[in-house]
>>> print(open('final06.cif').read())   # mmCIF, C-alpha atoms
data_upload
loop_
_atom_site.label_atom_id
_atom_site.label_comp_id
_atom_site.auth_asym_id
_atom_site.auth_seq_id
_atom_site.Cartn_x
_atom_site.Cartn_y
_atom_site.Cartn_z
CA MET A 1 0.08 -15.36 7.41
CA THR A 2 -2.73 -12.81 7.09
CA LEU A 3 -4.03 -11.00 4.02
CA SER A 4 -5.98 -7.76 3.65
CA THR A 5 -7.13 -5.45 0.89
CA HIS A 6 -8.13 -1.79 0.70
CA VAL A 7 -10.26 -0.57 -2.22
CA LEU A 8 -10.98 3.02 -3.20
CA ASP A 9 -13.71 4.01 -5.65
CA ALA A 10 -11.85 6.25 -8.11
CA THR A 11 -15.13 7.70 -9.41
CA THR A 12 -15.98 9.20 -6.01
CA GLY A 13 -12.60 9.36 -4.31
CA ARG A 14 -14.08 7.46 -1.37
CA PRO A 15 -13.66 3.93 0.05
CA ALA A 16 -15.48 1.25 -1.95
CA ALA A 17 -17.83 -0.04 0.74
CA GLY A 18 -19.81 -3.23 0.05
CA LEU A 19 -17.55 -4.54 -2.71
CA ASP A 20 -17.53 -8.34 -3.06
CA VAL A 21 -14.02 -9.80 -2.75
CA ARG A 22 -13.21 -13.45 -3.48
CA LEU A 23 -9.86 -15.11 -2.72
CA GLU A 24 -8.75 -18.41 -4.24
CA HIS A 25 -5.66 -20.56 -3.68
CA ARG A 26 -3.89 -22.35 -6.51
CA GLY A 27 -3.25 -26.00 -5.76
CA GLN A 28 -2.28 -29.06 -7.78
CA ASP A 29 -5.85 -29.39 -9.10
CA GLY A 30 -6.31 -25.72 -9.99
CA TRP A 31 -7.97 -22.87 -8.10
CA SER A 32 -10.02 -23.52 -4.96
CA PRO A 33 -11.95 -21.03 -2.79
CA ALA A 34 -10.03 -19.68 0.21
CA CYS A 35 -12.52 -17.08 1.48
CA GLU A 36 -14.96 -14.39 0.43
CA GLY A 37 -16.33 -11.20 1.95
CA LEU A 38 -17.48 -7.63 1.51
CA THR A 39 -15.41 -4.51 2.09
CA GLY A 40 -16.45 -2.42 5.10
CA THR A 41 -17.34 1.27 5.18
CA ASP A 42 -13.60 2.04 5.11
CA GLY A 43 -13.16 0.01 1.90
CA ARG A 44 -11.07 -2.59 3.73
CA LEU A 45 -11.43 -6.31 4.10
CA ARG A 46 -9.23 -8.22 6.51
CA LEU A 47 -9.21 -11.84 5.53
CA PRO A 48 -8.92 -14.58 8.15
CA SER A 49 -5.43 -15.74 9.09
CA GLY A 50 -4.05 -19.21 8.61
CA PHE A 51 -3.31 -19.13 4.89
CA GLU A 52 -0.74 -21.52 3.56
CA HIS A 53 2.10 -20.34 1.36
CA GLY A 54 1.49 -20.34 -2.36
CA VAL A 55 -0.21 -18.38 -5.11
CA TYR A 56 -3.51 -16.60 -4.49
CA ARG A 57 -5.97 -15.02 -6.90
CA ILE A 58 -8.11 -12.13 -5.66
CA THR A 59 -11.23 -11.09 -7.58
CA PHE A 60 -13.18 -7.89 -7.04
CA GLY A 61 -16.86 -7.81 -8.10
CA SER A 62 -16.62 -4.40 -9.78
CA GLY A 63 -19.59 -4.94 -12.12
CA ALA A 64 -22.04 -5.68 -9.32
CA TYR A 65 -20.57 -2.85 -7.21
CA PHE A 66 -21.09 -0.20 -9.88
CA GLY A 67 -24.39 -1.73 -11.02
CA ALA A 68 -25.79 -1.34 -7.50
CA ARG A 69 -24.89 2.36 -7.75
CA GLY A 70 -26.59 2.84 -11.10
CA SER A 71 -23.39 2.92 -13.14
CA ALA A 72 -22.10 0.65 -15.87
CA SER A 73 -18.70 -0.98 -15.51
CA PHE A 74 -16.43 -1.92 -18.36
CA TYR A 75 -14.97 -4.71 -16.21
CA PRO A 76 -17.47 -7.13 -14.62
CA GLU A 77 -14.63 -8.38 -12.40
CA VAL A 78 -11.07 -7.29 -11.70
CA THR A 79 -8.64 -10.09 -10.85
CA GLY A 80 -5.03 -10.15 -9.70
CA SER A 81 -2.62 -12.75 -8.37
CA VAL A 82 -0.05 -12.65 -5.60
CA GLY A 83 2.47 -15.21 -4.40
CA ALA A 84 3.55 -15.72 -0.81
CA GLY A 85 6.31 -18.25 -0.31
CA PRO A 86 8.14 -19.56 2.73
CA GLY A 87 10.03 -16.74 4.44
CA TRP A 88 7.73 -14.08 3.00
CA ALA A 89 6.42 -12.97 6.39
CA ASP A 90 9.94 -12.66 7.82
CA SER A 91 11.09 -10.66 4.79
CA TYR A 92 8.02 -8.43 5.01
CA CYS A 93 8.55 -7.67 8.71
CA ALA A 94 12.26 -6.98 8.26
CA THR A 95 11.54 -4.73 5.27
CA ARG A 96 8.87 -2.81 7.19
CA ASP A 97 11.30 -2.30 10.09
CA LEU A 98 13.98 -1.00 7.71
CA LEU A 99 11.52 1.43 6.09
CA LEU A 100 10.33 2.78 9.44
CA ALA A 101 13.86 3.12 10.81
CA ALA A 102 15.04 4.97 7.69
CA PHE A 103 12.00 7.28 7.81
CA ALA A 104 12.63 8.10 11.47
CA ASP A 105 16.44 8.35 11.26
CA THR A 106 16.87 10.32 8.04
CA HIS A 107 17.40 14.06 8.24
CA SER A 108 16.56 15.29 4.78
CA TYR A 109 15.66 18.48 2.96
CA SER A 110 12.92 16.92 0.85
CA LEU A 111 10.46 14.08 0.78
CA GLN A 112 12.25 12.76 -2.32
CA GLN A 113 15.48 12.47 -0.33
CA THR A 114 13.66 10.60 2.44
CA LEU A 115 12.02 8.26 -0.09
CA PHE A 116 15.40 7.43 -1.63
CA ALA A 117 16.98 6.83 1.81
CA MET A 118 14.15 4.47 2.72
CA GLY A 119 14.50 2.50 -0.53
CA GLN A 120 18.29 2.35 -0.24
CA ARG A 121 18.06 1.10 3.35
CA VAL A 122 15.86 -1.79 2.18
CA LEU A 123 18.18 -2.72 -0.69
CA ASP A 124 21.21 -2.59 1.65
CA GLY A 125 19.51 -4.76 4.26
CA ARG A 126 17.52 -7.26 2.17
CA PRO A 127 19.56 -8.98 -0.57
CA GLU A 128 16.46 -10.82 -1.90
CA ILE A 129 14.88 -7.49 -2.93
CA ALA A 130 16.06 -6.01 -6.24
CA GLU A 131 13.61 -3.10 -6.52
CA ILE A 132 11.26 -1.21 -4.24
CA ARG A 133 8.55 1.24 -5.27
CA LEU A 134 7.35 3.76 -2.71
CA SER A 135 4.58 6.34 -2.64
CA LEU A 136 4.57 8.91 0.18
CA PRO A 137 2.07 11.69 0.90
CA ASN A 138 3.38 15.21 0.38
CA LYS A 139 1.82 17.19 3.24
CA HIS A 140 3.23 20.45 4.51
CA HIS A 141 3.12 21.29 8.23
CA PHE A 142 3.56 24.83 9.52
CA GLU A 143 4.31 26.06 13.02
CA VAL A 144 1.35 27.80 14.68
CA ASP A 145 2.02 31.37 15.86
CA MET A 146 0.98 31.28 19.52
CA ALA A 147 2.07 34.91 20.24
CA PRO A 148 -1.51 36.30 19.96
CA PHE A 149 -2.34 34.08 22.95
CA GLY A 150 0.70 35.20 24.95
CA LEU A 151 2.33 31.80 24.48
CA GLU A 152 5.55 30.56 22.92
CA ASN A 153 5.58 27.70 20.43
CA ALA A 154 8.93 25.96 20.63
CA GLY A 155 8.25 23.71 17.65
CA GLU A 156 5.45 21.82 19.40
CA VAL A 157 2.22 22.89 17.67
CA PHE A 158 1.80 22.58 13.88
CA TYR A 159 -1.03 22.53 11.38
CA ALA A 160 -1.18 20.57 8.15
CA ALA A 161 -1.87 22.75 5.14
CA ASP A 162 -4.19 21.44 2.46
CA ARG A 163 -1.85 22.67 -0.32
CA PRO A 164 0.50 21.70 -1.79
CA TYR A 165 -0.60 18.12 -1.49
CA GLY A 166 -0.05 15.01 -3.55
CA LEU A 167 1.98 11.85 -3.70
CA ILE A 168 5.71 11.62 -4.20
CA GLU A 169 6.48 8.33 -5.91
CA GLY A 170 9.81 6.73 -6.61
CA THR A 171 11.52 3.47 -7.48
CA VAL A 172 14.89 2.47 -6.06
CA THR A 173 16.59 -0.37 -7.92
CA ARG A 174 19.69 -2.37 -7.11
CA ASP A 175 22.48 -1.54 -9.61
CA GLU A 176 23.08 -5.18 -10.52
CA ALA A 177 19.38 -6.05 -10.80
CA PRO A 178 18.33 -7.64 -14.10
CA PRO A 179 15.95 -5.58 -16.22
CA PRO A 180 12.28 -6.26 -15.53
CA GLU A 181 10.42 -8.64 -17.79
CA LYS A 182 7.74 -7.30 -20.11
CA ALA A 183 4.39 -6.98 -18.35
CA TRP A 184 2.46 -7.95 -21.52
#
>>> encode(input="final06.cif", output="C-alpha cells")
Amino acid sequence: MTLSTHVLDATTGRPAAGLDVRLEHRGQDGWSPACEGLTGTDGRLRLPSGFEHGVYRITFGSGAYFGARGSASFYPEVTGSVGAGPGWADSYCATRDLLLAAFADTHSYSLQQTLFAMGQRVLDGRPEIAEIRLSLPNKHHFEVDMAPFGLENAGEVFYAADRPYGLIEGTVTRDEAPPPEKAW
C-alpha cells in the first residue's frame, strides 16, 4: 500500500512547497512514527510504500510553514486520521476503474449528469460503499474555427476557455444507507 498527500496554500492559491508532513501508525502501544518529509514544489509528498493496514495519523506543520513566510497561523499543526484495512487497495482500484469507465462511457448533457452517473456506477458495483462525494472541474472547450487558415476542423481542435470555471461537487448516497453520524 502506498500513501501520498497534496497540499495547496489557500492564501496564495499555489502548492504548499516545503511543508513538513509527519505520518504515524497506531499500534497496540499508541502512535509510532511511520515516516516524515517535506512537500515538493508541486505541494505533493509521496510516502514510501510498504505500509501495513491500520489507522494512520498525518500531521502538517502549518505553523512553521506560515512562520517561514512571515505570516502567523492560528493552527500550529493540522492533524487528520485515515484508516486502511485489509481489502482497501482492491476496493480502491475497483472503484477507480468504475469511475473512469463511467466518465468515459456516459453521454450526458451536463457535468452534473456525468457526476451522478459516476457515483451511481460506484454504488451499483461496490456494495461496501454507501456514499461517494465527487468534485469535478467545470471547464468549457470550444471548437477552433480553422476556416481562416483554409482548413476544416472536424471536431479535432478545441481550446479551453477560462470562463466559466469552477468545481461541480456532488454526493451520491445509497438509498438504504444509514444516516451519517455527527461529525462533532
>>> resolve_selection(input="final06.cif", expression="the PyMOL selection byres ((chain A and resi 119) around 9)", output="VMD selection string")
chain A and resid 98 to 99 102 114 to 118 120 to 124 131 to 134 170 to 173
>>> atom_distance(input="final06.cif", atom1="atom CA of A:Glu152", atom2="atom CA of A:Lys139")
24.1 Å
>>> atom_distance(input="final06.cif", atom1="atom CA of A:Asp90", atom2="atom CA of A:Arg126")
10.9 Å
>>> axis_aligned_box(input="final06.cif", around="stretch 20-27 of chain A", padding_each_side="8 Å", output="JSON")
{"center_x": -10.4, "center_y": -17.2, "center_z": -4.6, "size_x": 30.3, "size_y": 33.7, "size_z": 19.8}
>>> resolve_selection(input="final06.cif", expression="the PyMOL selection byres ((chain A and resi 21-27) around 7)", output="VMD selection string")
chain A and resid 19 to 20 28 to 38 55 to 61
>>> resolve_selection(input="final06.cif", expression="the PyMOL selection byres ((chain A and resi 144) around 7)", output="PyMOL selection string")
chain A and resi 142-143+145-146+157-159
>>> write_last_selection(input="final06.cif", atoms="C-alpha atoms", output="mmCIF file, in the frame of the given file")
data_model
loop_
_atom_site.group_PDB
_atom_site.id
_atom_site.type_symbol
_atom_site.label_atom_id
_atom_site.label_comp_id
_atom_site.auth_asym_id
_atom_site.auth_seq_id
_atom_site.Cartn_x
_atom_site.Cartn_y
_atom_site.Cartn_z
ATOM 1 C CA PHE A 142 3.560 24.830 9.520
ATOM 2 C CA GLU A 143 4.310 26.060 13.020
ATOM 3 C CA ASP A 145 2.020 31.370 15.860
ATOM 4 C CA MET A 146 0.980 31.280 19.520
ATOM 5 C CA VAL A 157 2.220 22.890 17.670
ATOM 6 C CA PHE A 158 1.800 22.580 13.880
ATOM 7 C CA TYR A 159 -1.030 22.530 11.380
#
>>> closest_residue(input="final06.cif", among="A:Leu111, A:Ala177, A:Val78, A:Cys93", to="A:Glu128", atoms="only C-alpha atoms")
A:Ala177
>>> atom_distance(input="final06.cif", atom1="atom CA of A:Pro137", atom2="atom CA of A:Trp88")
26.5 Å
>>> closest_residue(input="final06.cif", among="A:Glu77, A:Asp105, A:Glu156, A:Asp175", to="A:Ser62", atoms="all atoms listed in the file")
A:Glu77
>>> closest_residue(input="final06.cif", among="A:Gly166, A:Gly18, A:Gly54, A:Pro179", to="A:Thr41", atoms="only C-alpha atoms")
A:Gly18
>>> closest_residue(input="final06.cif", among="A:Glu169, A:Glu176, A:Glu181, A:Asp9", to="A:Tyr65", atoms="all atoms listed in the file")
A:Asp9
>>> closest_residue(input="final06.cif", among="A:His141, A:Ala17, A:Gly150, A:Phe103", to="A:Ala68", atoms="only C-alpha atoms")
A:Ala17
>>> decode(input="final06.cif", residues="stretch 64-184 of chain A", atoms="C-alpha atoms", output="mmCIF file, in the first residue's frame")
data_model
loop_
_atom_site.group_PDB
_atom_site.id
_atom_site.type_symbol
_atom_site.label_atom_id
_atom_site.label_comp_id
_atom_site.auth_asym_id
_atom_site.auth_seq_id
_atom_site.Cartn_x
_atom_site.Cartn_y
_atom_site.Cartn_z
ATOM 1 C CA ALA A 64 6.286 26.563 10.841
ATOM 2 C CA TYR A 65 5.237 26.784 7.169
ATOM 3 C CA PHE A 66 3.454 30.117 7.581
ATOM 4 C CA GLY A 67 6.039 31.405 10.078
ATOM 5 C CA ALA A 68 8.791 30.892 7.489
ATOM 6 C CA ARG A 69 6.739 33.093 5.142
ATOM 7 C CA GLY A 70 6.278 35.867 7.681
ATOM 8 C CA SER A 71 2.665 35.044 8.499
ATOM 9 C CA ALA A 72 1.009 33.939 11.705
ATOM 10 C CA SER A 73 -1.008 30.735 11.781
ATOM 11 C CA PHE A 74 -3.953 30.072 14.040
ATOM 12 C CA TYR A 75 -3.144 26.345 13.907
ATOM 13 C CA PRO A 76 0.442 25.349 14.772
ATOM 14 C CA GLU A 77 -0.322 21.893 13.333
ATOM 15 C CA VAL A 78 -3.186 20.360 11.388
ATOM 16 C CA THR A 79 -3.809 16.662 12.036
ATOM 17 C CA GLY A 80 -6.120 14.090 10.482
ATOM 18 C CA SER A 81 -6.547 10.332 10.644
ATOM 19 C CA VAL A 82 -7.259 7.744 7.994
ATOM 20 C CA GLY A 83 -7.856 4.008 8.211
ATOM 21 C CA ALA A 84 -6.768 1.452 5.644
ATOM 22 C CA GLY A 85 -7.916 -2.089 6.316
ATOM 23 C CA PRO A 86 -7.444 -5.375 4.502
ATOM 24 C CA GLY A 87 -9.025 -5.218 1.051
ATOM 25 C CA TRP A 88 -8.765 -1.429 0.909
ATOM 26 C CA ALA A 89 -6.379 -1.425 -2.058
ATOM 27 C CA ASP A 90 -8.599 -3.808 -4.043
ATOM 28 C CA SER A 91 -11.680 -1.705 -3.291
ATOM 29 C CA TYR A 92 -9.832 1.477 -4.242
ATOM 30 C CA CYS A 93 -8.663 0.073 -7.587
ATOM 31 C CA ALA A 94 -12.093 -1.320 -8.448
ATOM 32 C CA THR A 95 -13.733 1.988 -7.505
ATOM 33 C CA ARG A 96 -11.259 3.968 -9.607
ATOM 34 C CA ASP A 97 -11.930 1.681 -12.582
ATOM 35 C CA LEU A 98 -15.694 2.144 -12.189
ATOM 36 C CA LEU A 99 -15.321 5.945 -12.018
ATOM 37 C CA LEU A 100 -13.126 6.067 -15.129
ATOM 38 C CA ALA A 101 -15.400 3.730 -17.088
ATOM 39 C CA ALA A 102 -18.498 5.750 -16.178
ATOM 40 C CA PHE A 103 -16.751 9.012 -17.114
ATOM 41 C CA ALA A 104 -15.700 7.603 -20.491
ATOM 42 C CA ASP A 105 -18.945 5.746 -21.274
ATOM 43 C CA THR A 106 -21.540 8.314 -20.211
ATOM 44 C CA HIS A 107 -23.082 10.552 -22.842
ATOM 45 C CA SER A 108 -24.532 13.419 -20.878
ATOM 46 C CA TYR A 109 -25.753 16.959 -21.362
ATOM 47 C CA SER A 110 -24.102 18.341 -18.242
ATOM 48 C CA LEU A 111 -21.234 17.750 -15.881
ATOM 49 C CA GLN A 112 -23.783 17.201 -13.103
ATOM 50 C CA GLN A 113 -25.294 14.309 -15.065
ATOM 51 C CA THR A 114 -21.839 12.789 -15.560
ATOM 52 C CA LEU A 115 -21.021 13.192 -11.858
ATOM 53 C CA PHE A 116 -24.239 11.408 -10.873
ATOM 54 C CA ALA A 117 -23.600 8.577 -13.380
ATOM 55 C CA MET A 118 -20.099 8.097 -11.976
ATOM 56 C CA GLY A 119 -21.357 7.968 -8.383
ATOM 57 C CA GLN A 120 -24.215 5.613 -9.273
ATOM 58 C CA ARG A 121 -21.827 3.275 -11.103
ATOM 59 C CA VAL A 122 -19.701 3.000 -7.950
ATOM 60 C CA LEU A 123 -22.701 2.325 -5.697
ATOM 61 C CA ASP A 124 -24.008 -0.313 -8.144
ATOM 62 C CA GLY A 125 -20.630 -2.048 -8.362
ATOM 63 C CA ARG A 126 -19.261 -1.756 -4.808
ATOM 64 C CA PRO A 127 -21.705 -2.883 -2.093
ATOM 65 C CA GLU A 128 -19.276 -1.850 0.696
ATOM 66 C CA ILE A 129 -19.606 1.819 -0.328
ATOM 67 C CA ALA A 130 -22.690 3.664 0.959
ATOM 68 C CA GLU A 131 -21.801 7.200 -0.172
ATOM 69 C CA ILE A 132 -19.401 8.828 -2.598
ATOM 70 C CA ARG A 133 -18.524 12.513 -2.832
ATOM 71 C CA LEU A 134 -17.113 13.815 -6.095
ATOM 72 C CA SER A 135 -15.685 17.135 -7.216
ATOM 73 C CA LEU A 136 -15.111 17.690 -10.942
ATOM 74 C CA PRO A 137 -13.648 20.717 -12.735
ATOM 75 C CA ASN A 138 -16.109 22.686 -14.857
ATOM 76 C CA LYS A 139 -14.079 23.673 -17.921
ATOM 77 C CA HIS A 140 -15.636 24.605 -21.225
ATOM 78 C CA HIS A 141 -13.969 23.599 -24.511
ATOM 79 C CA PHE A 142 -14.835 25.263 -27.809
ATOM 80 C CA GLU A 143 -14.087 24.153 -31.344
ATOM 81 C CA VAL A 144 -11.453 26.286 -33.088
ATOM 82 C CA ASP A 145 -12.563 27.891 -36.362
ATOM 83 C CA MET A 146 -9.872 26.787 -38.822
ATOM 84 C CA ALA A 147 -11.570 28.401 -41.892
ATOM 85 C CA PRO A 148 -9.290 31.494 -41.830
ATOM 86 C CA PHE A 149 -6.410 29.085 -42.477
ATOM 87 C CA GLY A 150 -8.222 27.282 -45.299
ATOM 88 C CA LEU A 151 -8.656 24.191 -43.129
ATOM 89 C CA GLU A 152 -11.610 22.216 -41.835
ATOM 90 C CA ASN A 153 -11.950 21.306 -38.170
ATOM 91 C CA ALA A 154 -13.978 18.122 -37.899
ATOM 92 C CA GLY A 155 -14.178 18.245 -34.112
ATOM 93 C CA GLU A 156 -10.440 17.713 -33.641
ATOM 94 C CA VAL A 157 -9.064 21.037 -32.371
ATOM 95 C CA PHE A 158 -10.514 22.732 -29.267
ATOM 96 C CA TYR A 159 -9.466 25.392 -26.789
ATOM 97 C CA ALA A 160 -10.317 25.535 -23.109
ATOM 98 C CA ALA A 161 -11.969 28.790 -22.118
ATOM 99 C CA ASP A 162 -11.022 30.357 -18.813
ATOM 100 C CA ARG A 163 -14.686 31.138 -18.002
ATOM 101 C CA PRO A 164 -16.988 29.805 -16.773
ATOM 102 C CA TYR A 165 -14.791 27.776 -14.494
ATOM 103 C CA GLY A 166 -15.248 26.203 -11.103
ATOM 104 C CA LEU A 167 -15.928 22.920 -9.393
ATOM 105 C CA ILE A 168 -19.097 20.893 -9.642
ATOM 106 C CA GLU A 169 -19.491 18.920 -6.427
ATOM 107 C CA GLY A 170 -21.997 16.248 -5.572
ATOM 108 C CA THR A 171 -22.743 13.399 -3.210
ATOM 109 C CA VAL A 172 -24.417 10.182 -4.324
ATOM 110 C CA THR A 173 -25.788 8.070 -1.479
ATOM 111 C CA ARG A 174 -27.223 4.568 -1.444
ATOM 112 C CA ASP A 175 -30.982 4.706 -0.686
ATOM 113 C CA GLU A 176 -30.736 2.224 2.182
ATOM 114 C CA ALA A 177 -27.614 3.805 3.699
ATOM 115 C CA PRO A 178 -27.896 4.743 7.383
ATOM 116 C CA PRO A 179 -27.713 8.464 8.145
ATOM 117 C CA PRO A 180 -24.197 9.727 8.815
ATOM 118 C CA GLU A 181 -23.052 10.105 12.393
ATOM 119 C CA LYS A 182 -22.494 13.572 13.811
ATOM 120 C CA ALA A 183 -19.031 14.882 12.987
ATOM 121 C CA TRP A 184 -18.737 16.693 16.353
#
